[in-house]
Structure formats: structure tokens, C-alpha cells
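Chemist: So that we are looking at the same thing, I have put the structure below in C-alpha cells.
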Amino acid sequence: MAHLLGGENLSIAFATRTVLDGVTVGLEEGDRIGIVGRNGDGKSTLMRLLAGRQTADSGRVTVRGGVHVGYLDQSDVLDGESTVGFAIVGEAADHEWASNPKIREIMGALVGEVDWHANIHSLSGGQKRRVALAKLLISNDDVIMLDEPTNHLDVEGVAWLAKHLQGRWRANEGAFVVVTHDRWFLDEVCNRTWEVHDAMIDPFDGGYAAYVLARAERDRMASVMENKRVQLVKKELAWLRRGAPARTAKPKFRIEAANAIIADVPEPRDTVALSRMATARQGKDVLDLENVSLTYGEKEIFKNITLRLAPGERLGLVGVNGAGKTTLLRLLNGEVPPSSGRLKRGKTVQTAVLTQEVRELDDVLDLRVLEVIEREKRSFEVGGKDMTAGQLVEQLGFTKDKQWTPVRDLSGGERRRLQLLRLLVGEPNVLMLDEPTNDLDTDTLAAVEDVLDGWPGTLVVVSHDRYLLERVTDHQMALLGDGKLRGLPGGVDQYLELREEALSAASRPAASGAAGGAAPSGPSEAEKREARKNLNRVERQLSKIAAAEAKVHAQMADKVGDYEALGELNAKLGELAGEKEALELEWLEASEVLE
């Protein structure tokens, strides 16, 4: 294999903290490398150094002559004033790129629903991300570097990107490096893994599953079997080995070695015991949606669906964007009344919802992490073990120093962890998580999963993270955008098959109509363009309302005790909520045109 690029003795520090200290790495043709490590340990910094986007304090980066390197930045770097079309293909004429089937496939998969003539600044964050990814993938680079490419992609989008990278080059050609917290994606596309930790890099052969095994072996040889981090790795390895047999076929995943390491590790969850405990806490009745329909304007979100949650049930929800996953959680939580049907709620049920926002922490911004948890309770029982608040906080990655950090100074991932902890210590018996993996690294995700393994309650998880869904839930259901709720005995793979069948079925009537002239034509292109414009306008307005709500919450935090001012601010929140509801209705009407 020919050498493409490499870094020699790279060191870089920020303030007094050394991020990388004399590391040497190389990239050869055929390398498919995933970079893992805790948030802040230098994953993105390493990638920027290798891509020439940043300069090391010492050491050097060399690139073989003629090698072109493409780079997907984690932040938004597109020119906001340019159009979508210009941002992706520049001044190239349509026939120059549309004649290439590979480029057409990339366009269709990533930006097929985005207005080609819209300005970049008018797009949502997810749309900007897809445009940037399309711009990178249509270029003919020898090496591509992807920093969190799965952000804002749904399950289908992640699966498509994995398939694209698998077939982008022949096995001994090209190379890519990817930083992502999506462990299924890492396992699917990578043949090598670099772990960044303590200012150094440890290389491993294979994808995520092989990396977990190799790391457990390494730590065992170092005689740290009782270390907390190793226990989490062993538990995850046990699940990888027992719960997902297909992964054992991955290169370098040695079954005998895995069996030896996990011989003394119990199953991740004692399902029978947890179910018994859940029944004791909840009774036999939890939450039931019976023949529920929900309509916004002319848009019917749910059509006569029934869902019964049992004590200790662990349900994963997947679905297309706009199909109503978050709305279903709100229905279960009693926040949204159904248009017809009813919600039946057990008498002892106590729900808690982890939303996609972190505004729930606005009232404790000035408190320290440990103070937030101790204010709820000082001792807890997790998985049958008694723990202090400090021990529980540490289990989710807050070191003793971090425990005394004010909430306002936490990173996005740290706030997400604290948000989940705060919900758990409130001792709900029904926990609903809406995209819980946002901003969390792989080690933190393993710690979160370990906490959830011992949690004796009913769990509902909405996520595009296949690994998480398979890891913490016992079965999955799907919302396909047709108002119905379907069981998925075959898991996420079955969901992707159903989506492919639905898309094929949707295209067949259009084709037969063109031949026979009898099928309805649907919305015109002009109507679709207008709908996209409305969608973009509404999303911009919703972003402004979210910012206004955050500002009001901050003002309320400053006015504690001033009841007159708090009353006025609360009234302002009510007005914003009304505006938001009206805009959401407009959004649904516009999205219906584009379905």
C-alpha cells in the first residue's frame, strides 16, 4: 500500500494543557480509520493537523505529491450568501455534473429536498450540514476527512453514507478518516481505529467492536481489571459478543479471546429482575395510547394508533423526519391531547423526558454540578447498589474537579450528561429520551448505557443511533410517515427495508400514471418550490423564537423573588408558545406538500 500522508512527532498545546505530545501517525491507501476518544482529548485537533487546517507547535505533516485531501468541518463554514447550487457545484453547468450517476446519487440522497436556489443562510442546521457533505463527496479527493458526518442525519442517511463510503473506492485505493460518536457507523465502515487519550494515540486494527476487545485485552495486561473504565468496556464487550452475533464476523474480532475476557461478566441487564422491580414501582398499568389519532390543521400525524407500555418495557422508536417521533413522546407524557382516542395513565406513573434542548438546566446555571444533584438527593440506589451523589456523578464522567464546575461553564456534552442525571435522580418510573446521544463521546455513551442497564423502569428512546437502540432497548417500532406505528421484529434493518419498499411503491404509481395518464400528478414543481421557501422561512422564525425563549429564561433566572417581573416574563413565554404553535402548524402544512 502506498503512503498518502502522515504526521511526525506532532505536539500541540492550548493554554497550559497539552493536547497531543509527540504523536506519529500515517495514512496508507486503503485505510478506513475511525478516531475515538473522550470529548476534548484532541480528536478533531488531530484531524485538522493532518488536513493542514491547523499548524502544530512542533513536528510536521507530509503529503505525497499529487494527493488531494477533502475535509468536512464540524462547524458551518459555507458562504451564507451563496445559493445551495453554487455552494455545491460552483459555476459548473447542470449537464457537467448531472451526467455523472455517482454525483446524481449523492445529490438525491443528501440535498434532494433542498431548494437549489435558496441562500445558505436561509437553511436549517441540518440542511447546511447535508449541503457541506454533498459538496465534499462529489469532489474527486484521494483522502477525505470527516468530522462528525452523521450529525443531523437520520437512520436512513447514516446507512446511505456508510454504503457510499464502502463503495467509494476499491479496497486498496483512497483513504478516509472519520471522527464520530456513532458506534454502528464506526463498526460498519472502518478497518482501523485510533484512540486519542492522554495526549497520545493508540492504534487498533478493525472497527469499533474489534477496538473494544483490543482495549479490554490491553487493560487486562496492565492489571487494571477492577478499574471502572475497564468494567464498562467489559460490559459493552459482553453485549457485543452475546447480543449482536453478526459483529463477531468482523476482522480481528477473535471469538476465543472475547469469551475468555467476558467469562465472569453477567448479562448487561437482568431483564426478569428489572421487570419485577418495575412492576413493584409502577403496578401493572403504565401508559396506554388507545385508538389515538392526532391532526394539526389538515395534516394527520397519527391514524388510530394503539401503544401499550408494560412495566420495565424498553422501547426504541425510529422514523423519518417529521413522522411524529417527538410528538409521540409528548402524547405519552400528556403534553399534547389526542384529537381522538385516549391516553390511559397508571396511578403511580411518574414520567421524565430528556428533550433535544438543554433549557431544563437554565434554572441552575449558577450552581455547581454536584450541588445540582445533591439538591435532589444525597444517596441513590443504582443496579441494587447504594451510591452517593458524588459517586453517581463520577460514574457519568464528572471527575472530582469537574463536580465543582458551575453549570454555565459546562460544554454541550457535559450539560447533556447532567440533564440526564438530574432526570434520573428525580426517580421517575417512566423515562423518555429524545435523541440522547447528541454531543456525547463513545466512552460517555457506554457510561450512560451502564446506568440505564440498572434502571428499573419503563424506557422509551427516540434515536437515529442504531448502536444505542440495539444496546439499551429490547425491541423497536417505526413511524414511517403514514400515520401508523409498526413493530420491528427485525430491528433497524427491517425499518430500512420497509422504507425502501415504501419509496419504491411511491414511485410506481407515478410511472404507471405517466404511461396511462390516469394517475394523479401530485404537487407541481412550483408548489414544491413555494413549500420549500415556506419551510425555510418557518424554520428561521422558529430559531428566533427558541433564542427569544432562552433569553426570557435567562431573565427569569435573574429575577428570582421578583414576582411581578416573573409574571410579565411568564406572560411573554406564553405569547412565544402561541407563535411557536402557529409556526409548527405552517411547517406541517408545507412538509405535507413535499412528502
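Chain labels A, B, ... are given in the sequence in which chains occur in the C-alpha cells; within each chain residues are numbered consecutively from 1, and ligands are likewise numbered from 1 in the order shown.
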As an MDAnalysis selection string, please: the residues near A:Val114 (cut-off 8 Å, only C-alpha atoms, same-chain neighbours under 4 positions excluded).
Modeler: chainID A and resid 84 118 127 532
Chemist: May I have the residues from that selection written out with all heavy atoms, as a compact mmCIF listing (two decimals), in the first residue's frame?
Modeler:
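That gives us result31.txt:
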# COMPACT_ATOMS: atom_id res chain seq x y z
N VAL A 84 -27.54 27.27 -2.72
CA VAL A 84 -27.22 25.87 -2.49
C VAL A 84 -26.46 25.30 -3.68
O VAL A 84 -25.43 24.64 -3.53
CB VAL A 84 -28.51 25.06 -2.24
CG1 VAL A 84 -28.23 23.56 -2.27
CG2 VAL A 84 -29.15 25.47 -0.92
N ALA A 118 -32.03 28.36 -3.02
CA ALA A 118 -32.11 29.05 -1.72
C ALA A 118 -30.73 29.49 -1.26
O ALA A 118 -29.72 28.84 -1.56
CB ALA A 118 -32.72 28.12 -0.67
N GLN A 127 -29.85 21.04 7.14
CA GLN A 127 -29.73 21.21 5.69
C GLN A 127 -28.34 21.73 5.31
O GLN A 127 -27.76 21.28 4.32
CB GLN A 127 -30.80 22.18 5.20
CG GLN A 127 -32.21 21.60 5.25
CD GLN A 127 -33.27 22.64 4.94
OE1 GLN A 127 -33.13 23.81 5.28
NE2 GLN A 127 -34.35 22.21 4.32
N ARG A 532 -40.96 24.71 -0.08
CA ARG A 532 -39.60 24.74 0.48
C ARG A 532 -39.28 26.12 1.03
O ARG A 532 -38.66 26.25 2.08
CB ARG A 532 -38.59 24.35 -0.60
CG ARG A 532 -38.64 22.89 -1.02
CD ARG A 532 -37.46 22.50 -1.90
NE ARG A 532 -37.65 21.18 -2.47
CZ ARG A 532 -38.05 20.95 -3.71
NH1 ARG A 532 -38.32 21.96 -4.52
NH2 ARG A 532 -38.18 19.71 -4.15
Chemist: Please report, as an MDAnalysis selection string, each residue of stretch 444-591 of chain A to which DSSP assigns helix (DSSP H, G or I) when run on this structure's backbone.
Modeler: chainID A and resid 444:453 466:472 491:516 525:558 563:591
Chemist: Just checking: using only C-alpha atoms, which residue out of A:Thr150, A:Ile106, A:Gly483, A:Leu332 ends up closest to A:Leu294?
Modeler: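 The shortest atom-to-atom distance to A:Leu294 comes from A:Gly483.
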Chemist: Can you pull out every residue within 12 Å of A:Gly65, counting only C-alpha atoms, but drop anything in the same chain fewer than 5 positions away, and send it as a ChimeraX atom specification?
Modeler: /A:2-5,142
Chemist: Residues within 10 Å of stretch 472-476 of chain A, please, as a ChimeraX atom specification. Count only C-alpha atoms; anything in the same chain fewer than 2 positions from it doesn't count.
Modeler: /A:268-269,271,313-318,448-450,452-453,459-462,467-470,478,486-492,494-495
Chemist: Rank nothing, just name the residue among A:Glu8, A:Glu290, A:Asp154, A:Asp187 nearest to A:Phe302, using only C-alpha atoms.
Modeler: A:Glu290
Chemist: Using only C-alpha atoms for the distances, tell me which of A:Ser99, A:Val196, A:Ile144, A:Val63 is nearest to A:Leu20.
Modeler: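 Closest to A:Leu20 of all the choices is A:Val196.
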Chemist: For A:Leu72, find every residue with an atom within 8 Å (counting only C-alpha atoms), except residues of its own chain fewer than 2 positions away, and show them as a list of chain:residue names.
Modeler: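 After dropping sequence-adjacent residues, the list is A:Gly70, A:Gln74, A:Ala132, A:Leu133, A:Leu136, A:Ile144, A:Met145, A:Leu146, A:Asp147, A:Pro149.
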Chemist: Output N, CA and C atoms for every residue in the selection just made, as a PDB file, in the first residue's frame.
Modeler:
ATOM      1  N   GLY A  70      -9.762  16.148   1.030  1.00  0.00           N
ATOM      2  CA  GLY A  70     -11.030  16.837   1.281  1.00  0.00           C
ATOM      3  C   GLY A  70     -11.347  16.806   2.764  1.00  0.00           C
ATOM      4  N   GLN A  74     -16.609  20.327  11.329  1.00  0.00           N
ATOM      5  CA  GLN A  74     -17.731  20.116  12.245  1.00  0.00           C
ATOM      6  C   GLN A  74     -18.614  21.357  12.323  1.00  0.00           C
ATOM      7  N   ALA A 132     -22.929  20.742   2.886  1.00  0.00           N
ATOM      8  CA  ALA A 132     -21.471  20.653   3.041  1.00  0.00           C
ATOM      9  C   ALA A 132     -20.980  19.238   2.746  1.00  0.00           C
ATOM     10  N   LEU A 133     -21.732  18.233   3.176  1.00  0.00           N
ATOM     11  CA  LEU A 133     -21.343  16.847   2.929  1.00  0.00           C
ATOM     12  C   LEU A 133     -21.426  16.516   1.440  1.00  0.00           C
ATOM     13  N   LEU A 136     -18.465  17.987  -0.427  1.00  0.00           N
ATOM     14  CA  LEU A 136     -17.245  17.202  -0.244  1.00  0.00           C
ATOM     15  C   LEU A 136     -17.279  15.921  -1.070  1.00  0.00           C
ATOM     16  N   ILE A 144     -10.363  11.735   2.264  1.00  0.00           N
ATOM     17  CA  ILE A 144     -11.379  12.621   2.827  1.00  0.00           C
ATOM     18  C   ILE A 144     -11.384  12.474   4.345  1.00  0.00           C
ATOM     19  N   MET A 145     -11.565  13.593   5.015  1.00  0.00           N
ATOM     20  CA  MET A 145     -11.590  13.633   6.472  1.00  0.00           C
ATOM     21  C   MET A 145     -12.939  14.180   6.915  1.00  0.00           C
ATOM     22  N   LEU A 146     -13.613  13.433   7.761  1.00  0.00           N
ATOM     23  CA  LEU A 146     -14.994  13.728   8.128  1.00  0.00           C
ATOM     24  C   LEU A 146     -15.104  13.935   9.632  1.00  0.00           C
ATOM     25  N   ASP A 147     -15.451  15.147  10.040  1.00  0.00           N
ATOM     26  CA  ASP A 147     -15.607  15.453  11.464  1.00  0.00           C
ATOM     27  C   ASP A 147     -17.089  15.448  11.805  1.00  0.00           C
ATOM     28  N   PRO A 149     -19.665  13.416  10.659  1.00  0.00           N
ATOM     29  CA  PRO A 149     -20.507  13.477   9.454  1.00  0.00           C
ATOM     30  C   PRO A 149     -21.938  13.030   9.668  1.00  0.00           C
TER      31      PRO A 149
END
Chemist: So what do you get for atom CA of A:Ile35 versus atom CA of A:Val179, distance-wise?
Modeler: 5.1 Å
Chemist: Please run DSSP on the backbone and report, as a ChimeraX atom specification, all residues within stretch 1-110 of chain A that come out as strand (DSSP E).
Modeler: /A:3-14,17-28,32-36,58-63,69-72
Chemist: Could you name the residues that touch A:Gly34 at 7 Å or less, counting only C-alpha atoms, but leaving out those on the same chain fewer than 6 positions away, as a list in words?
Modeler: Val177, Val178, Val179, Leu186, Cys190, Arg192, Thr193 and Trp194 of chain A
Chemist: If we count only C-alpha atoms and set the cut-off at 8 Å, which residues sit around A:Met200, ignoring sequence neighbours fewer than 2 positions away in its own chain? Please answer as a PyMOL selection string.
Modeler: chain A and resi 20-23+196-198+202
Chemist: Grab the atom CA of A:Arg104 to atom CA of A:Ala92 distance for me, in Å with one decimal place.
Modeler: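 Separating atom CA of A:Arg104 from atom CA of A:Ala92 is a distance of 14.1 Å.
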Chemist: Looking at only C-alpha atoms, which of A:Asp558, A:Asp57, A:Glu539, A:Asp219 is the one that sits closest to A:Asp366?
Modeler: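 Smallest distance to A:Asp366 is found for A:Asp558.
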